[in-house]
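Shown below: target-v1.txt, with compact mmCIF, C-alpha atoms.
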# COMPACT_ATOMS: atom_id res chain seq x y z
CA MET H 1 92.14 85.04 233.00
CA ALA H 2 93.50 81.63 234.02
CA GLU H 3 91.71 78.60 232.63
CA ARG H 4 89.91 76.46 235.15
CA THR H 5 90.56 72.74 234.99
CA ASN H 6 87.51 71.38 236.78
CA GLN H 7 84.41 70.10 235.01
CA GLY H 8 82.29 72.89 233.61
CA LYS H 9 85.33 75.09 233.29
CA ILE H 10 85.21 78.45 231.62
CA THR H 11 87.93 79.42 229.21
CA PHE H 12 88.64 83.00 228.27
CA ASN H 13 89.58 84.33 224.88
CA GLU H 14 89.66 87.92 223.75
CA THR H 15 86.03 87.91 222.72
CA THR H 16 83.94 85.67 224.93
CA PHE H 17 83.76 83.41 227.90
CA HIS H 18 82.72 79.91 226.96
CA SER H 19 81.49 77.25 229.36
CA LYS H 20 82.39 73.76 228.15
CA THR H 21 79.40 72.17 229.82
CA GLN H 22 75.94 73.61 229.91
CA THR H 23 74.71 73.89 233.46
CA THR H 24 71.64 75.67 234.74
CA ALA H 25 70.26 76.32 238.17
CA LYS H 26 67.73 73.59 237.55
CA GLU H 27 70.45 71.05 236.79
CA THR H 28 72.76 72.01 239.63
CA ASN H 29 70.06 72.51 242.24
CA ASN H 30 67.34 69.97 242.83
CA HIS H 31 66.10 72.04 245.77
CA ILE H 32 65.04 75.63 246.32
CA MET H 33 67.93 78.06 245.96
CA LYS H 34 69.01 80.16 248.92
CA LEU H 35 69.24 83.92 249.26
CA SER H 36 72.98 83.84 249.99
CA GLN H 37 73.65 82.25 246.59
CA PHE H 38 72.80 85.58 244.95
CA ASP H 39 75.30 87.65 246.89
CA PHE H 40 78.39 89.13 245.23
CA ASN H 41 80.79 91.98 245.88
CA LEU H 42 79.63 95.18 244.17
CA PRO H 43 81.88 98.22 244.73
CA ALA H 44 79.92 101.38 245.56
CA SER H 45 81.76 103.13 242.72
CA GLN H 46 80.03 100.83 240.22
CA VAL H 47 76.49 101.84 241.18
CA ALA H 48 75.26 104.29 238.52
CA LEU H 49 73.81 107.46 240.04
CA TYR H 50 72.96 109.12 236.73
CA PRO H 51 72.09 107.96 233.19
CA HIS H 52 74.98 106.87 231.01
CA SER H 53 76.68 109.85 229.36
CA ILE H 54 79.59 110.51 227.04
CA GLU H 55 81.99 113.43 226.93
CA HIS H 56 82.48 115.66 223.92
CA THR H 57 85.35 118.11 223.50
CA VAL H 58 84.91 121.09 221.18
CA THR H 59 87.72 123.43 220.11
CA ASN H 60 86.73 127.00 219.21
CA ASP H 61 88.41 129.39 216.77
CA ARG H 62 90.84 130.55 219.44
CA GLY H 63 92.02 127.00 220.09
CA GLU H 64 90.26 126.82 223.44
CA LYS H 65 88.84 123.43 224.34
CA ASN H 66 85.49 122.97 226.02
CA THR H 67 84.43 119.54 227.31
CA PHE H 68 80.81 118.81 228.09
CA SER H 69 78.76 115.74 228.96
CA VAL H 70 75.83 114.43 226.89
CA LYS H 71 73.39 111.82 228.17
CA ARG H 72 73.39 108.70 225.99
CA PRO H 73 71.52 105.96 227.88
CA ASP H 74 71.30 103.92 224.68
CA GLU H 75 75.10 103.74 224.53
CA CYS H 76 75.50 101.93 227.86
CA ARG H 77 77.57 98.75 227.82
CA MET H 78 75.87 95.44 227.05
CA VAL H 79 77.00 91.94 227.99
CA VAL H 80 75.42 89.09 226.02
CA VAL H 81 74.78 85.65 227.52
CA HIS H 82 74.04 82.71 225.21
CA LYS H 83 72.06 80.12 227.15
CA LYS H 84 72.66 77.03 225.01
CA SER H 85 76.26 77.56 223.88
CA GLN H 86 77.18 79.02 227.30
CA LYS H 87 79.11 81.88 225.73
CA ILE H 88 79.37 85.36 227.17
CA ASP H 89 80.10 88.25 224.76
CA PHE H 90 81.74 91.42 226.01
CA TYR H 91 83.48 92.88 222.95
CA LYS H 92 82.62 94.04 219.46
CA THR H 93 84.06 91.75 216.79
CA ASP H 94 84.86 91.80 213.09
CA GLU H 95 83.43 89.42 210.48
CA LYS H 96 85.88 86.72 211.58
CA GLY H 97 84.83 86.95 215.20
CA LYS H 98 88.02 88.70 216.28
CA PRO H 99 87.75 91.62 218.73
CA LEU H 100 88.07 95.04 217.16
CA LYS H 101 91.18 97.10 217.80
CA GLY H 102 91.27 98.31 221.36
CA LYS H 103 88.77 95.67 222.55
CA GLN H 104 85.70 97.86 222.25
CA PHE H 105 82.90 96.85 224.59
CA LEU H 106 79.50 96.01 223.18
CA THR H 107 76.85 98.67 223.76
CA LEU H 108 73.08 98.57 223.62
CA LEU H 109 73.28 99.92 220.06
CA ASP H 110 74.74 96.54 219.08
CA ILE H 111 71.52 94.75 220.02
CA PHE H 112 70.39 94.84 216.39
CA ASN H 113 73.16 92.40 215.49
CA TYR H 114 71.30 89.77 217.50
CA PHE H 115 67.81 90.20 216.06
CA GLU H 116 66.10 90.06 212.67
CA GLU H 117 63.19 91.68 210.92
CA ASN H 118 59.79 90.65 212.33
CA ASP H 119 61.17 89.78 215.76
CA THR H 120 59.23 91.48 218.58
CA PHE H 121 60.34 93.49 221.61
CA ILE H 122 57.86 93.73 224.51
CA PHE H 123 58.00 96.89 226.63
CA ASN H 124 56.26 97.95 229.85
CA ASN H 125 54.49 101.26 229.19
CA THR H 126 53.63 102.08 232.80
CA LYS H 127 54.08 105.74 233.74
CA VAL H 128 55.82 106.84 236.93
CA PHE H 129 54.22 109.56 239.03
CA PRO H 130 56.12 111.89 241.43
CA ALA H 131 55.57 109.71 244.45
CA ARG H 132 58.02 111.14 246.99
CA LEU H 133 56.75 114.11 249.01
CA TYR H 134 58.10 115.94 252.04
CA GLY H 135 55.82 117.43 254.66
CA THR H 136 55.93 118.67 258.22
CA LYS H 137 54.14 117.27 261.24
CA GLU H 138 51.74 119.59 263.02
CA LYS H 139 52.97 121.28 266.20
CA THR H 140 56.52 119.84 266.04
CA ASP H 141 57.36 120.84 262.43
CA ALA H 142 59.32 117.58 262.13
CA LYS H 143 60.22 116.82 258.52
CA ILE H 144 58.44 113.69 257.27
CA GLU H 145 58.96 111.83 254.00
CA VAL H 146 55.72 110.54 252.51
CA PHE H 147 55.96 108.04 249.68
CA LEU H 148 52.71 107.64 247.75
CA LEU H 149 51.95 104.04 246.82
CA ARG H 150 48.45 104.13 245.34
CA GLU H 151 45.19 105.99 245.54
CA LEU H 152 42.55 104.04 247.45
CA ASN H 153 39.50 106.26 246.99
CA GLN H 154 39.22 109.27 244.68
CA GLU H 155 36.16 110.81 246.33
CA MET H 156 37.58 110.62 249.86
CA ARG H 157 41.16 111.47 248.76
CA LEU H 158 42.51 108.34 250.46
CA TRP H 159 46.06 107.19 249.70
CA ASP H 160 48.15 104.23 250.76
CA VAL H 161 51.60 105.61 251.70
CA LEU H 162 54.87 104.90 253.45
CA VAL H 163 56.20 107.40 256.00
CA GLU H 164 59.69 108.01 257.33
CA PRO H 165 60.45 108.27 260.22
CA ALA H 166 57.43 106.10 260.94
CA ARG H 167 57.78 106.16 264.73
CA LYS H 168 56.71 109.81 264.77
CA ILE H 169 53.50 109.34 262.81
CA ARG H 170 50.36 108.10 264.57
CA ILE H 171 46.67 107.95 263.77
CA GLY H 172 45.15 111.41 264.04
CA ASN H 173 48.36 113.30 263.18
CA LYS H 174 48.17 115.96 260.50
CA LEU H 175 50.87 116.62 257.90
CA PHE H 176 51.32 119.90 256.02
CA PHE H 177 52.81 119.88 252.54
CA ASP H 178 53.11 123.51 251.51
CA GLU H 179 53.84 126.83 253.16
CA SER H 180 50.29 128.09 252.74
CA GLY H 181 48.89 125.15 254.67
CA ALA H 182 46.35 124.47 251.92
CA LEU H 183 47.47 120.89 251.29
CA VAL H 184 46.97 118.91 254.49
CA ALA H 185 46.66 115.18 255.14
CA GLU H 186 45.38 113.32 258.19
CA VAL H 187 46.61 109.87 259.23
CA ILE H 188 43.55 107.62 259.56
CA ASP H 189 45.10 104.14 259.74
CA ASN H 190 48.30 102.16 260.32
CA THR H 191 48.75 99.44 257.69
CA THR H 192 52.31 98.15 258.30
CA SER H 193 55.29 99.25 260.38
CA ARG H 194 55.91 102.10 257.91
CA GLY H 195 52.60 102.04 256.08
CA ARG H 196 49.82 104.54 256.71
CA THR H 197 46.51 105.54 255.12
CA LEU H 198 46.26 109.29 254.56
CA ARG H 199 43.16 111.35 253.87
CA PHE H 200 44.01 114.56 252.08
CA LEU H 201 41.86 117.46 253.25
CA TYR H 202 41.57 119.27 249.95
CA ASP H 203 38.21 120.46 248.68
CA CYS H 204 38.40 120.75 244.91
CA PRO H 205 37.79 118.65 241.78
CA HIS H 206 39.85 115.45 241.74
CA ASP H 207 41.89 116.44 238.68
CA GLU H 208 42.91 119.70 240.36
CA PHE H 209 43.78 117.91 243.61
CA LYS H 210 45.96 115.37 241.82
CA ARG H 211 47.71 118.07 239.80
CA ASP H 212 48.53 120.05 242.95
CA LEU H 213 49.59 116.91 244.82
CA PHE H 214 51.98 115.80 242.08
CA ALA H 215 53.32 119.34 241.71
CA ILE H 216 54.99 119.10 245.11
CA GLY H 217 56.33 115.58 244.52
CA GLU H 218 59.68 114.54 243.12
CA ALA H 219 61.04 111.65 241.07
CA PRO H 220 60.83 108.44 243.14
CA LEU H 221 64.48 107.49 242.65
CA PRO H 222 65.58 104.34 244.50
CA ARG H 223 66.92 104.86 247.99
CA TYR H 224 70.35 103.57 247.02
CA ILE H 225 70.64 106.66 244.82
CA ILE H 226 69.25 109.40 247.05
CA ASP H 227 70.96 107.96 250.15
CA HIS H 228 74.33 107.66 248.40
CA LYS H 229 77.11 109.19 250.48
CA GLY H 230 80.37 110.77 249.42
CA LYS H 231 83.78 110.28 250.97
CA ASP H 232 82.85 112.71 253.75
CA GLY H 233 79.92 110.51 254.77
CA ASN H 234 77.27 113.00 253.69
CA PRO H 235 74.63 112.50 250.96
CA ASP H 236 76.08 113.61 247.63
CA ARG H 237 73.28 112.86 245.16
CA PRO H 238 70.63 115.61 245.30
CA VAL H 239 67.38 115.11 243.40
CA THR H 240 67.03 117.49 240.45
CA GLU H 241 64.23 118.51 238.10
CA GLU H 242 65.91 116.52 235.33
CA ASP H 243 65.55 113.31 237.34
CA PHE H 244 61.86 112.98 236.61
CA LYS H 245 62.51 113.05 232.88
CA ASP H 246 65.45 110.66 233.23
CA PHE H 247 63.34 108.28 235.34
CA GLN H 248 60.49 108.08 232.82
CA CYS H 249 60.46 105.88 229.72
CA VAL H 250 59.88 107.76 226.45
CA PHE H 251 57.00 105.38 225.67
CA ALA H 252 55.35 105.68 229.12
CA GLU H 253 51.59 105.96 228.77
CA HIS H 254 49.55 104.58 231.69
CA GLU H 255 50.14 106.25 235.06
CA GLY H 256 50.47 104.07 238.13
CA ALA H 257 54.09 103.07 238.86
CA VAL H 258 56.15 104.25 241.80
CA THR H 259 59.38 103.14 240.16
CA ALA H 260 60.33 102.97 236.50
CA PRO H 261 60.72 99.82 234.39
CA THR H 262 64.39 100.62 234.40
CA THR H 263 65.56 98.62 231.38
CA GLY H 264 63.20 100.72 229.29
CA LEU H 265 65.01 103.88 230.41
CA HIS H 266 67.83 103.04 227.99
CA PHE H 267 65.53 103.29 224.98
CA THR H 268 65.67 106.85 223.68
CA ARG H 269 63.40 108.17 220.93
CA GLN H 270 66.28 107.63 218.51
CA MET H 271 66.60 104.04 219.71
CA MET H 272 62.88 103.42 219.20
CA LYS H 273 63.25 104.77 215.66
CA ARG H 274 66.15 102.39 215.02
CA ILE H 275 63.92 99.51 216.11
CA GLU H 276 61.32 100.60 213.56
CA ILE H 277 63.93 100.95 210.80
CA HIS H 278 65.21 97.42 211.47
CA GLY H 279 61.69 96.06 211.07
CA ILE H 280 61.42 94.85 214.66
CA ASN H 281 57.92 94.94 216.14
CA THR H 282 57.14 96.72 219.42
CA ALA H 283 54.46 95.38 221.75
CA PHE H 284 53.39 96.98 225.03
CA ILE H 285 52.06 95.59 228.28
CA THR H 286 51.32 97.53 231.47
CA ILE H 287 52.45 96.49 234.93
CA HIS H 288 52.54 99.21 237.56
CA ILE H 289 55.78 98.47 239.36
CA GLY H 290 55.77 98.81 243.13
CA LEU H 291 58.44 99.07 245.79
CA GLY H 292 58.24 95.34 246.52
CA ASN H 293 60.96 94.80 243.93
CA PHE H 294 63.37 96.73 246.15
CA ASN H 295 62.31 95.34 249.52
CA PRO H 296 65.12 93.29 251.08
CA ILE H 297 64.42 89.56 251.25
CA GLU H 298 64.49 88.56 254.91
CA VAL H 299 64.39 84.76 254.54
CA GLU H 300 67.14 82.43 253.34
CA ASP H 301 64.60 80.04 251.80
CA LEU H 302 63.35 81.90 248.73
CA ALA H 303 60.15 79.84 248.59
CA LYS H 304 59.04 81.63 251.76
CA HIS H 305 59.42 85.15 250.33
CA LYS H 306 56.17 86.88 249.38
CA MET H 307 56.08 89.57 246.71
CA ASP H 308 53.72 92.54 246.86
CA SER H 309 50.94 92.47 244.26
CA GLU H 310 51.18 94.73 241.22
CA GLU H 311 48.40 95.77 238.87
CA MET H 312 48.88 94.62 235.27
CA HIS H 313 47.05 94.76 231.94
CA ILE H 314 47.67 92.99 228.63
CA ASN H 315 45.29 93.71 225.75
CA GLN H 316 44.31 91.52 222.83
CA GLU H 317 46.29 93.59 220.32
CA THR H 318 49.51 92.82 222.19
CA CYS H 319 48.58 89.15 222.48
CA ASP H 320 47.97 88.90 218.74
CA LEU H 321 51.27 90.56 217.82
CA VAL H 322 53.35 88.47 220.23
CA ASN H 323 51.60 85.19 219.44
CA ASN H 324 51.86 85.73 215.68
CA THR H 325 55.58 86.38 216.14
CA LYS H 326 55.99 83.04 217.88
CA LYS H 327 53.85 81.21 215.31
CA ALA H 328 56.04 82.59 212.52
CA GLY H 329 59.19 81.29 214.22
CA HIS H 330 60.56 84.71 215.13
CA ARG H 331 62.05 85.78 218.46
CA VAL H 332 60.19 87.48 221.29
CA CYS H 333 62.40 89.58 223.60
CA ALA H 334 61.15 90.80 226.97
CA ILE H 335 62.56 94.24 227.78
CA GLY H 336 62.96 94.20 231.55
CA ALA H 337 62.22 91.94 234.50
CA SER H 338 58.74 93.45 234.91
CA VAL H 339 57.81 92.33 231.39
CA VAL H 340 58.97 88.79 232.15
CA LYS H 341 56.86 88.81 235.32
CA ALA H 342 53.82 90.04 233.41
CA THR H 343 54.11 87.63 230.48
CA GLU H 344 54.74 84.67 232.76
CA SER H 345 51.64 85.66 234.75
CA SER H 346 49.47 85.56 231.63
CA VAL H 347 50.98 82.89 229.35
CA GLY H 348 48.79 79.84 228.75
CA THR H 349 49.81 76.20 228.84
CA ASP H 350 49.96 76.38 225.04
CA GLY H 351 52.82 78.89 225.26
CA PHE H 352 50.77 81.81 223.96
CA LEU H 353 50.03 85.12 225.63
CA LYS H 354 46.53 85.67 227.02
CA GLU H 355 44.57 88.87 227.64
CA TYR H 356 44.91 89.94 231.28
CA ASP H 357 43.41 92.54 233.62
CA GLY H 358 44.22 92.10 237.28
CA TRP H 359 47.09 91.74 239.71
CA THR H 360 50.17 89.57 240.02
CA ASN H 361 52.54 88.75 242.85
CA LYS H 362 54.63 86.29 240.88
CA PHE H 363 58.15 85.80 242.21
CA ILE H 364 60.47 84.19 239.67
CA PHE H 365 63.66 82.52 240.88
CA PRO H 366 65.62 79.41 239.85
CA PRO H 367 64.64 76.81 238.92
CA TYR H 368 61.78 78.06 236.73
CA ASP H 369 60.44 76.91 233.35
CA PHE H 370 59.61 79.92 231.19
CA GLY H 371 56.69 79.74 228.80
CA MET H 372 56.78 82.93 226.75
CA ALA H 373 59.85 85.01 225.88
CA ASP H 374 62.81 83.61 223.92
CA CYS H 375 65.18 86.41 224.94
CA MET H 376 65.48 88.89 227.76
CA LEU H 377 67.15 92.31 228.09
CA VAL H 378 67.64 93.46 231.67
CA ASN H 379 69.74 95.82 233.75
CA LEU H 380 72.66 94.65 235.85
CA TYR H 381 71.08 94.39 239.28
CA HIS H 382 72.16 94.62 242.89
CA PRO H 383 73.20 91.60 244.96
CA MET H 384 70.35 89.52 246.42
CA SER H 385 67.68 91.47 244.51
CA THR H 386 64.54 89.81 243.18
CA MET H 387 65.42 91.07 239.68
CA LEU H 388 68.79 89.30 239.78
CA MET H 389 66.99 86.10 240.75
CA SER H 390 64.63 86.47 237.79
CA THR H 391 67.63 87.02 235.51
CA CYS H 392 69.34 83.88 236.82
CA ALA H 393 66.15 81.88 236.37
CA PHE H 394 65.99 82.94 232.71
CA GLY H 395 69.63 82.64 231.74
CA GLY H 396 70.85 79.93 234.10
CA TYR H 397 72.36 80.58 237.51
CA ASP H 398 75.97 79.57 236.79
CA ILE H 399 76.45 81.46 233.53
CA VAL H 400 74.66 84.62 234.72
CA MET H 401 76.63 84.83 237.95
CA GLU H 402 79.87 84.25 236.01
CA ALA H 403 78.90 87.12 233.70
CA TYR H 404 78.21 89.29 236.75
CA ARG H 405 81.62 88.56 238.26
CA GLU H 406 83.38 89.47 235.01
CA ALA H 407 81.21 92.59 234.60
CA VAL H 408 82.34 93.77 238.02
CA LYS H 409 85.98 93.11 237.11
CA ASN H 410 85.58 95.11 233.89
CA GLY H 411 84.02 98.14 235.54
CA TYR H 412 80.43 97.73 234.33
CA MET H 413 77.86 99.91 236.07
CA PHE H 414 74.91 98.51 238.01
CA GLY H 415 71.44 99.68 238.99
CA CYS H 416 68.60 101.47 237.24
CA PHE H 417 70.95 103.80 235.30
CA GLY H 418 73.61 101.14 234.80
CA ASP H 419 74.58 98.74 232.02
CA VAL H 420 72.49 95.90 230.58
CA MET H 421 72.55 92.16 229.94
CA LEU H 422 71.01 90.48 226.89
CA ILE H 423 70.18 86.80 227.29
CA MET H 424 69.77 84.85 224.02
CA ASN H 425 68.31 81.37 223.69
CA ASP H 426 71.10 80.06 221.48
Write-out of the structure in structure tokens:
Amino acid sequence: MAERTNQGKITFNETTFHSKTQTTAKETNNHIMKLSQFDFNLPASQVALYPHSIEHTVTNDRGEKNTFSVKRPDECRMVVVHKKSQKIDFYKTDEKGKPLKGKQFLTLLDIFNYFEENDTFIFNNTKVFPARLYGTKEKTDAKIEVFLLRELNQEMRLWDVLVEPARKIRIGNKLFFDESGALVAEVIDNTTSRGRTLRFLYDCPHDEFKRDLFAIGEAPLPRYIIDHKGKDGNPDRPVTEEDFKDFQCVFAEHEGAVTAPTTGLHFTRQMMKRIEIHGINTAFITIHIGLGNFNPIEVEDLAKHKMDSEEMHINQETCDLVNNTKKAGHRVCAIGASVVKATESSVGTDGFLKEYDGWTNKFIFPPYDFGMADCMLVNLYHPMSTMLMSTCAFGGYDIVMEAYREAVKNGYMFGCFGDVMLIMND
């Protein structure tokens, strides 16, 4: 890569990018940043449709080779951004800081080289439910997608949902969800252009109703995955039974999310064991992630964008662990943009985490002064997404966007099943 000669230039060596002046969004922008500043060219081929996997080739006694794929989400690539030194790490290095033979890319497994015993990782332990259903409209048998958002009233079986195509669904319409006709819902209200309130006509105990309702649902994968089209222009990414397992964190505990805290998807049970072996603490908060994170921003002035509210809970045990980590001078790393949103919604003016039970609609974008986490691990996100804006606010707009451009050039994968970025405060 050619060296730039203007102020704030970035020089490339075989290991890192290094900015010679430290610039952040706050320093370069004394006004609210614009939506268009977060756009970049992302090839469709670099959007991950499945979890990261590796190929193994086995040779049998007859000399025949058999190649098969094994899912290894914890072996995805990792780019590391250093906020203060303005370095960007892409490659594994030896003790002298020289890249290893073949310029091996850093992976998530290398994260332990950046942390020490008694540091703390904060995870979001929300649990995804099978929110996407397909039903048929009475009389016409038109196929309707119903996306469950949240239950409004257990006794009355009321749910807040999104429907597609919305133009076909009016108040009073009935939707049938199984061949027997036993699971039926009636539209009782219009809430937004696509939003509806459904009352499920199902006479049974609530636990049984919910079990049967979720049994016909599927993993609520993002639309950019299920709507992905092949070269022939037709959808080429069918939803499978394995998707629900792949789209659920191994530490998920409290049901309520309609999309996964995707950075947490990279942490396998083996990875969680490695964290324990390295003496790193694990703390858990709960924020039930909604679809608002994926809604397109329709205003250029980011200050005018309104986020949907999300339910969140932080208990005293988590507060004590995180706050004691900070008091002892150790690092606190937020695993995912949802964790950053939650901790910034509950941090006090003293810089310590507070107990929290309620809702948050916090929208984090540059410039923003963070009060809690020292470090942040996040996915590589889509252009103009709210999660990219949160990442830029944490790491600094210029250095994060430079890292994104180089990640695209080097074939990194983006999206919920893609590669990750670690931002260090050094």
Quiz item: Nearest to Leu162 of chain H among H:Thr57, H:Leu291, H:Asn425, H:Gly256, with distances taken over only C-alpha atoms: which residue is it?
Solution: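 Answer, going by the shortest atom-to-atom distance: H:Leu291.
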Quiz item: Can you list, as number ranges by chain, every protein, DNA or RNA residue that comes within 8 Å of segment 337-352 of chain H when you count only C-alpha atoms, leaving out same-chain residues fewer than 2 positions away?
Solution: H: 122-124, 261, 285, 287, 289, 312, 319, 323, 334-335, 354-356, 360, 362-364, 370-373, 376, 378, 387, 390-391
Self-check item: From H:Met156, H:Ile169, H:Ile226, H:Cys249, residue lying nearest Phe209 of chain H [only C-alpha atoms]
Solution: H:Met156
Practice problem: Rank H:Asn60, H:Tyr397, H:Lys229, H:Ala166 by their smallest atom-to-atom distance to Thr191 of chain H, using all atoms listed in the file, and report the top residue only. | Solution: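 The closest residue to Thr191 of chain H is H:Ala166.
Atom CA of Asp110 of chain H to atom CA of Asn66 of chain H spans 29.4 Å [interatomic distance, one decimal].
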Determine, using all atoms listed in the file, which residues of segment 375-414 of chain H have any atom at most 9 Å from an atom of segment 71-87 of chain H, and tabulate each with its shortest atom pair and distance in Å to one decimal place, rows ordered by chain and then rising number, as a tab-separated table.
residue	atom	partner	partner_atom	distance
H:Phe394	CA	H:Lys83	CA	8.7
H:Gly395	CA	H:Lys83	CA	5.8
H:Gly396	CA	H:Lys83	CA	7.1
H:Ile399	CA	H:Gln86	CA	6.7
H:Val400	CA	H:Val81	CA	7.3
H:Ala403	CA	H:Val81	CA	7.6
H:Ala407	CA	H:Val79	CA	7.9
H:Tyr412	CA	H:Arg77	CA	7.2
H:Met413	CA	H:Arg77	CA	8.3
Quiz item: What does the distance between atom CA of Val70 of chain H and atom CA of Ser45 of chain H come to in Å, to one decimal place?
Solution: 20.3 Å
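With distances restricted to all atoms listed in the file, H:Leu49 is the closest residue to Asp243 of chain H from H:Val332, H:Ala283, H:Val161, H:Leu49.
Using all atoms listed in the file, the shortest contact distance between Ala48 of chain H and any of H:Glu310, H:Thr140, H:Arg237, H:Asn118 is found at H:Arg237.
Taking atom CA of Leu321 of chain H and atom CA of Glu253 of chain H as endpoints, the distance between them is 18.9 Å.
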Self-check item: Best match for closeness to Phe251 of chain H among H:Thr318, H:Asn125, H:Asp308, H:Tyr202, counting all atoms listed in the file
Solution: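 Looking at the shortest contact to Phe251 of chain H, the residue is H:Asn125.
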Quiz item: Near segment 267-274 of chain H, counting only C-alpha atoms, which residues have an atom at most 8 Å away, once you skip same-chain residues fewer than 2 positions from it, shown as a ChimeraX atom specification?
Solution: /H:73-74,109,249-250,263-265,276-278
